[in-house]
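Peer 1: My structure is in final25.cif, and what it holds is mmCIF, C-alpha atoms and all ligand atoms; chains and numbers go by the auth columns:
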```
data_start
#
loop_
_atom_site.group_PDB
_atom_site.id
_atom_site.type_symbol
_atom_site.label_atom_id
_atom_site.label_comp_id
_atom_site.label_asym_id
_atom_site.label_seq_id
_atom_site.Cartn_x
_atom_site.Cartn_y
_atom_site.Cartn_z
_atom_site.B_iso_or_equiv
_atom_site.auth_seq_id
_atom_site.auth_asym_id
ATOM 1 C CA MET A 1 72.899 105.605 118.559 0.00 54 O
ATOM 2 C CA SER A 2 70.083 107.154 116.511 0.00 55 O
ATOM 3 C CA SER A 3 69.682 105.828 112.961 0.00 56 O
ATOM 4 C CA SER A 4 70.479 109.272 111.515 0.00 57 O
ATOM 5 C CA THR A 5 73.896 109.444 113.189 0.00 58 O
ATOM 6 C CA ALA A 6 76.766 108.446 110.907 0.00 59 O
ATOM 7 C CA PRO A 7 78.987 105.906 112.669 0.00 60 O
ATOM 8 C CA PRO A 8 82.629 106.860 113.132 0.00 61 O
ATOM 9 C CA LEU A 9 85.088 105.441 110.620 0.00 62 O
ATOM 10 C CA HIS A 10 86.486 102.137 111.913 0.00 63 O
ATOM 11 C CA GLU A 11 90.053 102.741 113.077 0.00 64 O
ATOM 12 C CA ALA A 12 91.385 100.028 110.732 0.00 65 O
ATOM 13 C CA LEU A 13 90.258 102.271 107.841 0.00 66 O
ATOM 14 C CA THR A 14 92.323 105.302 108.865 0.00 67 O
ATOM 15 C CA PRO A 15 94.790 104.726 105.955 0.00 68 O
ATOM 16 C CA LEU A 16 91.783 104.932 103.557 0.00 69 O
ATOM 17 C CA ALA A 17 89.982 107.919 105.118 0.00 70 O
ATOM 18 C CA TRP A 18 90.976 110.139 102.165 0.00 71 O
ATOM 19 C CA LEU A 19 88.910 107.951 99.813 0.00 72 O
ATOM 20 C CA VAL A 20 85.555 108.241 101.616 0.00 73 O
ATOM 21 C CA GLY A 21 82.940 110.360 99.860 0.00 74 O
ATOM 22 C CA THR A 22 81.280 110.915 96.506 0.00 75 O
ATOM 23 C CA TRP A 23 83.442 111.707 93.489 0.00 76 O
ATOM 24 C CA ARG A 24 82.346 112.762 89.999 0.00 77 O
ATOM 25 C CA GLY A 25 84.438 112.434 86.843 0.00 78 O
ATOM 26 C CA GLU A 26 83.277 114.448 83.832 0.00 79 O
ATOM 27 C CA GLU A 27 85.939 113.503 81.292 0.00 80 O
ATOM 28 C CA GLY A 28 87.210 109.937 81.505 0.00 81 O
ATOM 29 C CA THR A 29 89.091 108.496 78.555 0.00 82 O
ATOM 30 C CA GLY A 30 89.058 104.859 77.487 0.00 83 O
ATOM 31 C CA ASP A 31 90.947 102.814 74.951 0.00 84 O
ATOM 32 C CA TYR A 32 92.187 99.314 74.232 0.00 85 O
ATOM 33 C CA PRO A 33 94.030 97.842 71.249 0.00 86 O
ATOM 34 C CA THR A 34 90.839 96.124 70.016 0.00 87 O
ATOM 35 C CA ILE A 35 88.301 98.991 70.358 0.00 88 O
ATOM 36 C CA LYS A 36 87.781 102.638 69.384 0.00 89 O
ATOM 37 C CA ASP A 37 88.912 105.347 71.840 0.00 90 O
ATOM 38 C CA PHE A 38 86.036 106.793 73.870 0.00 91 O
ATOM 39 C CA LYS A 39 85.173 109.339 76.566 0.00 92 O
ATOM 40 C CA TYR A 40 82.904 108.711 79.541 0.00 93 O
ATOM 41 C CA LYS A 41 81.602 110.126 82.810 0.00 94 O
ATOM 42 C CA GLU A 42 81.542 108.304 86.135 0.00 95 O
ATOM 43 C CA GLU A 43 80.273 108.811 89.667 0.00 96 O
ATOM 44 C CA VAL A 44 82.101 106.936 92.410 0.00 97 O
ATOM 45 C CA LYS A 45 80.995 106.560 96.051 0.00 98 O
ATOM 46 C CA PHE A 46 83.051 105.141 98.908 0.00 99 O
ATOM 47 C CA ASP A 47 80.963 104.773 102.059 0.00 100 O
ATOM 48 C CA HIS A 48 81.055 102.823 105.330 0.00 101 O
ATOM 49 C CA VAL A 49 78.770 101.642 108.141 0.00 102 O
ATOM 50 C CA GLY A 50 81.380 101.558 110.898 0.00 103 O
ATOM 51 C CA GLN A 51 82.775 98.140 109.885 0.00 104 O
ATOM 52 C CA PRO A 52 86.443 97.660 108.890 0.00 105 O
ATOM 53 C CA ASN A 53 85.578 97.839 105.174 0.00 106 O
ATOM 54 C CA LEU A 54 84.479 100.455 102.655 0.00 107 O
ATOM 55 C CA GLU A 55 81.573 99.770 100.324 0.00 108 O
ATOM 56 C CA PHE A 56 81.659 101.352 96.906 0.00 109 O
ATOM 57 C CA SER A 57 79.719 101.938 93.691 0.00 110 O
ATOM 58 C CA PHE A 58 81.187 103.055 90.357 0.00 111 O
ATOM 59 C CA ASN A 59 78.517 104.150 87.881 0.00 112 O
ATOM 60 C CA SER A 60 79.705 105.244 84.456 0.00 113 O
ATOM 61 C CA SER A 61 77.638 106.959 81.791 0.00 114 O
ATOM 62 C CA HIS A 62 77.857 107.906 78.131 0.00 115 O
ATOM 63 C CA TYR A 63 79.842 111.109 77.583 0.00 116 O
ATOM 64 C CA GLU A 64 77.164 112.797 75.441 0.00 117 O
ATOM 65 C CA THR A 65 73.821 111.158 76.263 0.00 118 O
ATOM 66 C CA GLY A 66 74.324 110.372 79.975 0.00 119 O
ATOM 67 C CA LYS A 67 73.001 106.832 79.356 0.00 120 O
ATOM 68 C CA PRO A 68 74.187 104.391 82.068 0.00 121 O
ATOM 69 C CA LEU A 69 77.094 102.166 80.924 0.00 122 O
ATOM 70 C CA HIS A 70 79.534 100.077 82.970 0.00 123 O
ATOM 71 C CA ARG A 71 78.570 99.687 86.692 0.00 124 O
ATOM 72 C CA GLU A 72 80.425 98.188 89.640 0.00 125 O
ATOM 73 C CA LYS A 73 79.615 97.522 93.317 0.00 126 O
ATOM 74 C CA GLY A 74 81.684 96.003 96.061 0.00 127 O
ATOM 75 C CA PHE A 75 83.790 96.196 99.162 0.00 128 O
ATOM 76 C CA LEU A 76 87.325 97.302 99.886 0.00 129 O
ATOM 77 C CA LYS A 77 88.791 95.584 102.933 0.00 130 O
ATOM 78 C CA ILE A 78 91.987 96.258 104.811 0.00 131 O
ATOM 79 C CA GLN A 79 93.918 93.738 106.837 0.00 132 O
ATOM 80 C CA PRO A 80 93.779 95.487 110.250 0.00 133 O
ATOM 81 C CA GLY A 81 97.043 97.079 111.296 0.00 134 O
ATOM 82 C CA THR A 82 98.608 96.673 107.833 0.00 135 O
ATOM 83 C CA SER A 83 98.535 98.431 104.451 0.00 136 O
ATOM 84 C CA HIS A 84 97.301 95.248 102.736 0.00 137 O
ATOM 85 C CA LEU A 85 94.017 95.597 100.820 0.00 138 O
ATOM 86 C CA ALA A 86 91.488 93.246 99.276 0.00 139 O
ATOM 87 C CA MET A 87 88.734 94.273 96.879 0.00 140 O
ATOM 88 C CA VAL A 88 85.593 92.300 95.982 0.00 141 O
ATOM 89 C CA ASN A 89 84.000 93.908 92.933 0.00 142 O
ATOM 90 C CA THR A 90 80.899 92.776 90.993 0.00 143 O
ATOM 91 C CA GLN A 91 80.328 94.303 87.572 0.00 144 O
ATOM 92 C CA ASN A 92 77.158 94.584 85.489 0.00 145 O
ATOM 93 C CA VAL A 93 78.948 92.906 82.577 0.00 146 O
ATOM 94 C CA GLY A 94 78.887 89.660 84.608 0.00 147 O
ATOM 95 C CA ILE A 95 82.388 89.743 86.048 0.00 148 O
ATOM 96 C CA VAL A 96 83.454 89.340 89.667 0.00 149 O
ATOM 97 C CA GLU A 97 86.912 90.735 90.377 0.00 150 O
ATOM 98 C CA LEU A 98 88.921 89.710 93.455 0.00 151 O
ATOM 99 C CA SER A 99 91.980 91.886 93.814 0.00 152 O
ATOM 100 C CA GLU A 100 94.644 92.530 96.409 0.00 153 O
ATOM 101 C CA GLY A 101 97.182 95.277 96.837 0.00 154 O
ATOM 102 C CA GLU A 102 98.511 98.032 99.034 0.00 155 O
ATOM 103 C CA VAL A 103 97.727 101.530 100.222 0.00 156 O
ATOM 104 C CA LYS A 104 100.817 103.726 100.423 0.00 157 O
ATOM 105 C CA GLY A 105 100.089 107.277 101.533 0.00 158 O
ATOM 106 C CA GLN A 106 97.341 108.471 99.234 0.00 159 O
ATOM 107 C CA GLU A 107 97.804 105.895 96.512 0.00 160 O
ATOM 108 C CA ILE A 108 96.264 102.441 96.131 0.00 161 O
ATOM 109 C CA THR A 109 97.452 99.737 93.771 0.00 162 O
ATOM 110 C CA LEU A 110 95.366 96.601 93.215 0.00 163 O
ATOM 111 C CA GLU A 111 95.812 93.580 90.968 0.00 164 O
ATOM 112 C CA SER A 112 93.287 90.805 90.472 0.00 165 O
ATOM 113 C CA HIS A 113 94.148 87.255 91.454 0.00 166 O
ATOM 114 C CA THR A 114 90.740 85.852 90.461 0.00 167 O
ATOM 115 C CA ILE A 115 88.221 86.878 87.811 0.00 168 O
ATOM 116 C CA GLY A 116 84.867 85.067 87.897 0.00 169 O
ATOM 117 C CA ARG A 117 82.787 85.134 84.752 0.00 170 O
ATOM 118 C CA MET A 118 79.254 84.188 83.643 0.00 171 O
ATOM 119 C CA THR A 119 78.986 81.080 81.447 0.00 172 O
ATOM 120 C CA PHE A 120 77.367 83.277 78.760 0.00 173 O
ATOM 121 C CA GLY A 121 79.771 86.237 79.005 0.00 174 O
ATOM 122 C CA LYS A 122 80.959 87.992 75.847 0.00 175 O
ATOM 123 C CA ASP A 123 84.450 87.345 74.469 0.00 176 O
ATOM 124 C CA PRO A 124 87.189 88.310 74.938 0.00 177 O
ATOM 125 C CA ALA A 125 87.320 87.095 78.539 0.00 178 O
ATOM 126 C CA VAL A 126 88.996 89.424 81.033 0.00 179 O
ATOM 127 C CA THR A 127 91.938 87.599 82.587 0.00 180 O
ATOM 128 C CA LYS A 128 93.531 90.329 84.748 0.00 181 O
ATOM 129 C CA ILE A 129 92.605 93.801 86.056 0.00 182 O
ATOM 130 C CA GLN A 130 95.070 96.292 87.537 0.00 183 O
ATOM 131 C CA ARG A 131 93.878 99.535 89.183 0.00 184 O
ATOM 132 C CA THR A 132 95.534 102.570 90.651 0.00 185 O
ATOM 133 C CA PHE A 133 93.706 105.185 92.752 0.00 186 O
ATOM 134 C CA ARG A 134 95.633 108.324 93.632 0.00 187 O
ATOM 135 C CA LEU A 135 94.631 111.464 95.474 0.00 188 O
ATOM 136 C CA VAL A 136 96.027 114.169 93.192 0.00 189 O
ATOM 137 C CA ASP A 137 94.944 116.937 95.604 0.00 190 O
ATOM 138 C CA PRO A 138 92.352 116.950 98.428 0.00 191 O
ATOM 139 C CA ASP A 139 89.520 117.436 95.885 0.00 192 O
ATOM 140 C CA THR A 140 90.794 115.308 93.002 0.00 193 O
ATOM 141 C CA LEU A 141 90.912 111.520 92.809 0.00 194 O
ATOM 142 C CA GLU A 142 92.360 109.644 89.826 0.00 195 O
ATOM 143 C CA GLN A 143 91.725 106.077 88.730 0.00 196 O
ATOM 144 C CA VAL A 144 93.715 104.251 86.042 0.00 197 O
ATOM 145 C CA VAL A 145 92.742 100.744 84.890 0.00 198 O
ATOM 146 C CA HIS A 146 94.784 98.291 82.837 0.00 199 O
ATOM 147 C CA MET A 147 93.426 94.892 81.821 0.00 200 O
ATOM 148 C CA GLU A 148 94.499 91.715 80.153 0.00 201 O
ATOM 149 C CA THR A 149 92.028 89.705 78.072 0.00 202 O
ATOM 150 C CA SER A 150 92.120 86.384 76.260 0.00 203 O
ATOM 151 C CA ALA A 151 92.824 88.486 73.134 0.00 204 O
ATOM 152 C CA THR A 152 95.685 90.578 74.547 0.00 205 O
ATOM 153 C CA THR A 153 98.607 89.839 76.777 0.00 206 O
ATOM 154 C CA PRO A 154 100.217 91.471 78.692 0.00 207 O
ATOM 155 C CA ALA A 155 97.870 94.022 80.332 0.00 208 O
ATOM 156 C CA GLN A 156 96.996 97.141 78.309 0.00 209 O
ATOM 157 C CA HIS A 157 95.548 100.492 79.320 0.00 210 O
ATOM 158 C CA HIS A 158 91.714 100.659 79.329 0.00 211 O
ATOM 159 C CA LEU A 159 90.645 103.660 81.487 0.00 212 O
ATOM 160 C CA SER A 160 91.909 106.920 82.988 0.00 213 O
ATOM 161 C CA ILE A 161 89.696 109.377 84.838 0.00 214 O
ATOM 162 C CA GLN A 162 89.965 112.179 87.371 0.00 215 O
ATOM 163 C CA TYR A 163 87.044 112.780 89.742 0.00 216 O
ATOM 164 C CA LYS A 164 86.227 115.917 91.736 0.00 217 O
ATOM 165 C CA LYS A 165 84.825 115.562 95.273 0.00 218 O
ATOM 166 C CA VAL A 166 81.078 116.301 95.324 0.00 219 O
HETATM 167 C C1 LIG B . 85.172 97.338 75.952 0.00 301 O
HETATM 168 C C2 LIG B . 86.247 95.227 80.156 0.00 301 O
HETATM 169 C C3 LIG B . 85.227 99.319 82.511 0.00 301 O
HETATM 170 C C4 LIG B . 83.653 101.236 78.386 0.00 301 O
HETATM 171 C C5 LIG B . 85.569 96.422 76.901 0.00 301 O
HETATM 172 C C6 LIG B . 85.983 95.067 76.589 0.00 301 O
HETATM 173 C C7 LIG B . 86.266 94.475 77.760 0.00 301 O
HETATM 174 C C8 LIG B . 86.056 95.446 78.816 0.00 301 O
HETATM 175 C C9 LIG B . 86.749 93.033 77.967 0.00 301 O
HETATM 176 C C10 LIG B . 86.044 94.421 75.205 0.00 301 O
HETATM 177 C C11 LIG B . 87.428 94.577 74.632 0.00 301 O
HETATM 178 C C12 LIG B . 87.557 93.898 73.274 0.00 301 O
HETATM 179 O O1 LIG B . 86.570 93.815 72.540 0.00 301 O
HETATM 180 O O2 LIG B . 88.685 93.444 72.958 0.00 301 O
HETATM 181 C C13 LIG B . 86.112 96.173 81.147 0.00 301 O
HETATM 182 C C14 LIG B . 86.456 95.976 82.536 0.00 301 O
HETATM 183 C C15 LIG B . 86.174 97.126 83.195 0.00 301 O
HETATM 184 C C16 LIG B . 85.648 98.050 82.213 0.00 301 O
HETATM 185 C C17 LIG B . 87.023 94.692 83.118 0.00 301 O
HETATM 186 C C18 LIG B . 86.372 97.487 84.640 0.00 301 O
HETATM 187 C C19 LIG B . 87.444 97.078 85.319 0.00 301 O
HETATM 188 C C20 LIG B . 84.672 100.180 81.610 0.00 301 O
HETATM 189 C C21 LIG B . 84.138 101.483 81.942 0.00 301 O
HETATM 190 C C22 LIG B . 83.691 102.018 80.808 0.00 301 O
HETATM 191 C C23 LIG B . 83.947 101.062 79.724 0.00 301 O
HETATM 192 C C24 LIG B . 84.089 102.127 83.345 0.00 301 O
HETATM 193 C C25 LIG B . 83.051 103.366 80.725 0.00 301 O
HETATM 194 C C26 LIG B . 82.112 103.689 79.876 0.00 301 O
HETATM 195 C C27 LIG B . 83.959 100.349 77.379 0.00 301 O
HETATM 196 C C28 LIG B . 83.655 100.608 75.975 0.00 301 O
HETATM 197 C C29 LIG B . 84.107 99.492 75.272 0.00 301 O
HETATM 198 C C30 LIG B . 84.664 98.566 76.255 0.00 301 O
HETATM 199 C C31 LIG B . 82.968 101.858 75.411 0.00 301 O
HETATM 200 C C32 LIG B . 84.028 99.274 73.751 0.00 301 O
HETATM 201 C C33 LIG B . 82.658 98.936 73.295 0.00 301 O
HETATM 202 C C34 LIG B . 82.202 97.622 73.771 0.00 301 O
HETATM 203 O O3 LIG B . 82.834 96.609 73.431 0.00 301 O
HETATM 204 O O4 LIG B . 81.166 97.561 74.504 0.00 301 O
HETATM 205 N N1 LIG B . 85.635 96.618 78.244 0.00 301 O
HETATM 206 N N2 LIG B . 85.636 97.437 80.987 0.00 301 O
HETATM 207 N N3 LIG B . 84.548 99.961 80.269 0.00 301 O
HETATM 208 N N4 LIG B . 84.571 99.139 77.501 0.00 301 O
HETATM 209 FE FE1 LIG B . 85.204 98.333 79.233 0.00 301 O
#
```
Is it possible to give me this structure as structure tokens?
Ligand code: HEM
Peer 2:
Amino acid sequence: MSSSTAPPLHEALTPLAWLVGTWRGEEGTGDYPTIKDFKYKEEVKFDHVGQPNLEFSFNSSHYETGKPLHREKGFLKIQPGTSHLAMVNTQNVGIVELSEGEVKGQEITLESHTIGRMTFGKDPAVTKIQRTFRLVDPDTLEQVVHMETSATTPAQHHLSIQYKKV
């Protein structure tokens, strides 16, 4: 195979084929009981190299200035032959999120079972992250994030954004 030829999607990833690509969100909204409401932009890429996992990057930016803000990189794995998912996600704020969940049709739900944190991370500590990805239509992906922190329990809404396929 020549290096310029994209490998075919691994057959285990067929249930996630709708997620592959680059997605751009121009009007995300964020809130949390302890902070001011905000808007943001975000570019999301789900890519693969022919292995039974997707690799992703989520790069958010300031709504007005475009300055880079929260960033995430990781892998989304599927247990072959099932709808069971696992996500390994490293974040620039010094968090590692290990989540598991399900893909059902064109919707993914994930909930963290482990959050790793730097020894010098800012408080409040994140104690749980819940995500939903949903294909609203073939060109529109939505992500909603709820989180629990050492300051709030149970989980509260933090982020909602719709992305258009680039
Ligand atoms: C605040 C976590 C994604 C923007 C916070 C806080 C936490 C947090 C723990 C502090 C809350 C408090 O002070 O009580 C996370 C986690 C994320 C995430 C775990 C991913 C799963 C994002 C994204 C943006 C964002 C994508 C987009 C710009 C903000 C802003 C604040 C904030 C503007 C308030 C200002 C600040 O404290 O820096 N986030 N966040 N977050 N987050 Fe997120």
Peer 1: Once the PyMOL selection byres (((chain O and resi 98-106) around 8) and not hetatm) has been applied to the shown file, what residues remain in the selection, as a ChimeraX atom specification?
Peer 2: /O:59-66,72-76,96-97,107-111,128-131,133
Peer 1: Extract, using all atoms listed in the file, all DNA, RNA and protein residues at most 8 Å from region 149-152 of chain O, discarding same-chain residues fewer than 3 positions from it, and format them as a ChimeraX atom specification.
Peer 2: /O:139-144,163-170,182
Peer 1: With C-alpha atoms retained, export the selected residues as a CSV table (one decimal), in the coordinates of the input.
Peer 2:
```csv
chain,number,residue,atom,x,y,z
O,139,ALA,CA,91.5,93.2,99.3
O,140,MET,CA,88.7,94.3,96.9
O,141,VAL,CA,85.6,92.3,96.0
O,142,ASN,CA,84.0,93.9,92.9
O,143,THR,CA,80.9,92.8,91.0
O,144,GLN,CA,80.3,94.3,87.6
O,163,LEU,CA,95.4,96.6,93.2
O,164,GLU,CA,95.8,93.6,91.0
O,165,SER,CA,93.3,90.8,90.5
O,166,HIS,CA,94.1,87.3,91.5
O,167,THR,CA,90.7,85.9,90.5
O,168,ILE,CA,88.2,86.9,87.8
O,169,GLY,CA,84.9,85.1,87.9
O,170,ARG,CA,82.8,85.1,84.8
O,182,ILE,CA,92.6,93.8,86.1
```
Peer 1: Counting only C-alpha atoms and all ligand atoms, which of O:Gln209, O:Thr58, O:Thr172, O:Thr202 gets nearest to ligand LIG 301 (chain O)?
Peer 2: O:Thr202
Peer 1: Check which residues fall inside 9 Å of ligand LIG 301 (chain O) when counting only C-alpha atoms and all ligand atoms, and print them as a ChimeraX atom specification.
Peer 2: /O:81-95,111-116,121-125,142,144,146,148,150,175-184,198-205,211-212
Peer 1: Got time to write the residues from that selection, C-alpha atoms, as a tab-separated table (two decimals), in the coordinates of the input?
Peer 2:
```
chain	number	residue	atom	x	y	z
O	81	GLY	CA	87.21	109.94	81.50
O	82	THR	CA	89.09	108.50	78.56
O	83	GLY	CA	89.06	104.86	77.49
O	84	ASP	CA	90.95	102.81	74.95
O	85	TYR	CA	92.19	99.31	74.23
O	86	PRO	CA	94.03	97.84	71.25
O	87	THR	CA	90.84	96.12	70.02
O	88	ILE	CA	88.30	98.99	70.36
O	89	LYS	CA	87.78	102.64	69.38
O	90	ASP	CA	88.91	105.35	71.84
O	91	PHE	CA	86.04	106.79	73.87
O	92	LYS	CA	85.17	109.34	76.57
O	93	TYR	CA	82.90	108.71	79.54
O	94	LYS	CA	81.60	110.13	82.81
O	95	GLU	CA	81.54	108.30	86.14
O	111	PHE	CA	81.19	103.06	90.36
O	112	ASN	CA	78.52	104.15	87.88
O	113	SER	CA	79.70	105.24	84.46
O	114	SER	CA	77.64	106.96	81.79
O	115	HIS	CA	77.86	107.91	78.13
O	116	TYR	CA	79.84	111.11	77.58
O	121	PRO	CA	74.19	104.39	82.07
O	122	LEU	CA	77.09	102.17	80.92
O	123	HIS	CA	79.53	100.08	82.97
O	124	ARG	CA	78.57	99.69	86.69
O	125	GLU	CA	80.42	98.19	89.64
O	142	ASN	CA	84.00	93.91	92.93
O	144	GLN	CA	80.33	94.30	87.57
O	146	VAL	CA	78.95	92.91	82.58
O	148	ILE	CA	82.39	89.74	86.05
O	150	GLU	CA	86.91	90.74	90.38
O	175	LYS	CA	80.96	87.99	75.85
O	176	ASP	CA	84.45	87.34	74.47
O	177	PRO	CA	87.19	88.31	74.94
O	178	ALA	CA	87.32	87.10	78.54
O	179	VAL	CA	89.00	89.42	81.03
O	180	THR	CA	91.94	87.60	82.59
O	181	LYS	CA	93.53	90.33	84.75
O	182	ILE	CA	92.60	93.80	86.06
O	183	GLN	CA	95.07	96.29	87.54
O	184	ARG	CA	93.88	99.54	89.18
O	198	VAL	CA	92.74	100.74	84.89
O	199	HIS	CA	94.78	98.29	82.84
O	200	MET	CA	93.43	94.89	81.82
O	201	GLU	CA	94.50	91.72	80.15
O	202	THR	CA	92.03	89.70	78.07
O	203	SER	CA	92.12	86.38	76.26
O	204	ALA	CA	92.82	88.49	73.13
O	205	THR	CA	95.68	90.58	74.55
O	211	HIS	CA	91.71	100.66	79.33
O	212	LEU	CA	90.64	103.66	81.49
```
Peer 1: Report the distance between CA of Gly154 (chain O) and CA of Thr185 (chain O) in Å, rounded to one decimal place.
Peer 2: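 Straight-line distance from CA of Gly154 (chain O) to CA of Thr185 (chain O) works out to 9.7 Å.
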Peer 1: Between CA of Gly147 (chain O) and CA of Gln132 (chain O), what is the distance in Å, rounded to a tenth?
Peer 2: 27.1 Å
Peer 1: Applying the PyMOL selection byres (((chain O and resi 194) around 9) and not hetatm) to the file I just gave you, which residues come out? Please list them as a short mmCIF file (atom, residue, chain, number, x, y, z; two decimals) with C-alpha atoms, in the coordinates of the input.
Peer 2:
```
data_model
loop_
_atom_site.label_atom_id
_atom_site.label_comp_id
_atom_site.auth_asym_id
_atom_site.auth_seq_id
_atom_site.Cartn_x
_atom_site.Cartn_y
_atom_site.Cartn_z
CA LEU O 72 88.91 107.95 99.81
CA TRP O 76 83.44 111.71 93.49
CA GLY O 78 84.44 112.43 86.84
CA PHE O 186 93.71 105.18 92.75
CA ARG O 187 95.63 108.32 93.63
CA LEU O 188 94.63 111.46 95.47
CA VAL O 189 96.03 114.17 93.19
CA ASP O 190 94.94 116.94 95.60
CA PRO O 191 92.35 116.95 98.43
CA ASP O 192 89.52 117.44 95.88
CA THR O 193 90.79 115.31 93.00
CA GLU O 195 92.36 109.64 89.83
CA GLN O 196 91.72 106.08 88.73
CA ILE O 214 89.70 109.38 84.84
CA GLN O 215 89.96 112.18 87.37
CA TYR O 216 87.04 112.78 89.74
CA LYS O 217 86.23 115.92 91.74
CA LYS O 218 84.82 115.56 95.27
#
```
Peer 1: Between CA of Gly158 (chain O) and CA of Val197 (chain O), measure the distance and give it in Å to one decimal.
Peer 2: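 Calculated distance between CA of Gly158 (chain O) and CA of Val197 (chain O) is 17.0 Å.
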Peer 1: Ranking O:Ala208, O:Met171, O:Val219, O:Val156 by minimum distance to Ser136 (chain O) and counting only C-alpha atoms, which one comes first?
Peer 2: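 The closest residue to Ser136 (chain O) is O:Val156.
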Peer 1: With distances taken over only C-alpha atoms, which residue among O:Thr135, O:Gln159, O:Ser213, O:Thr206 lies nearest Trp71 (chain O)?
Peer 2: O:Gln159
Peer 1: Go through O:Glu160, O:Gly134, O:Pro207, O:Glu153 and flag the residue nearest Thr67 (chain O), using all atoms listed in the file for the distances.
Peer 2: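 Smallest separation from Thr67 (chain O) among the options: O:Gly134.
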Peer 1: My list of candidates is O:Lys120, O:Lys157, O:His210, O:Arg77. Which is closest to His137 (chain O) when distances are computed with only C-alpha atoms?
Peer 2: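 Nearest to His137 (chain O): O:Lys157.
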Peer 1: Please put the answer as JSON: centre and edge lengths, in Å with one decimal, of a box along x, y and z that encloses all listed atoms of region 212-216 of chain O plus 4 Å on each side.
Peer 2:
```
{"center_x": 89.5, "center_y": 108.2, "center_z": 85.6, "size_x": 12.9, "size_y": 17.1, "size_z": 16.3}
```
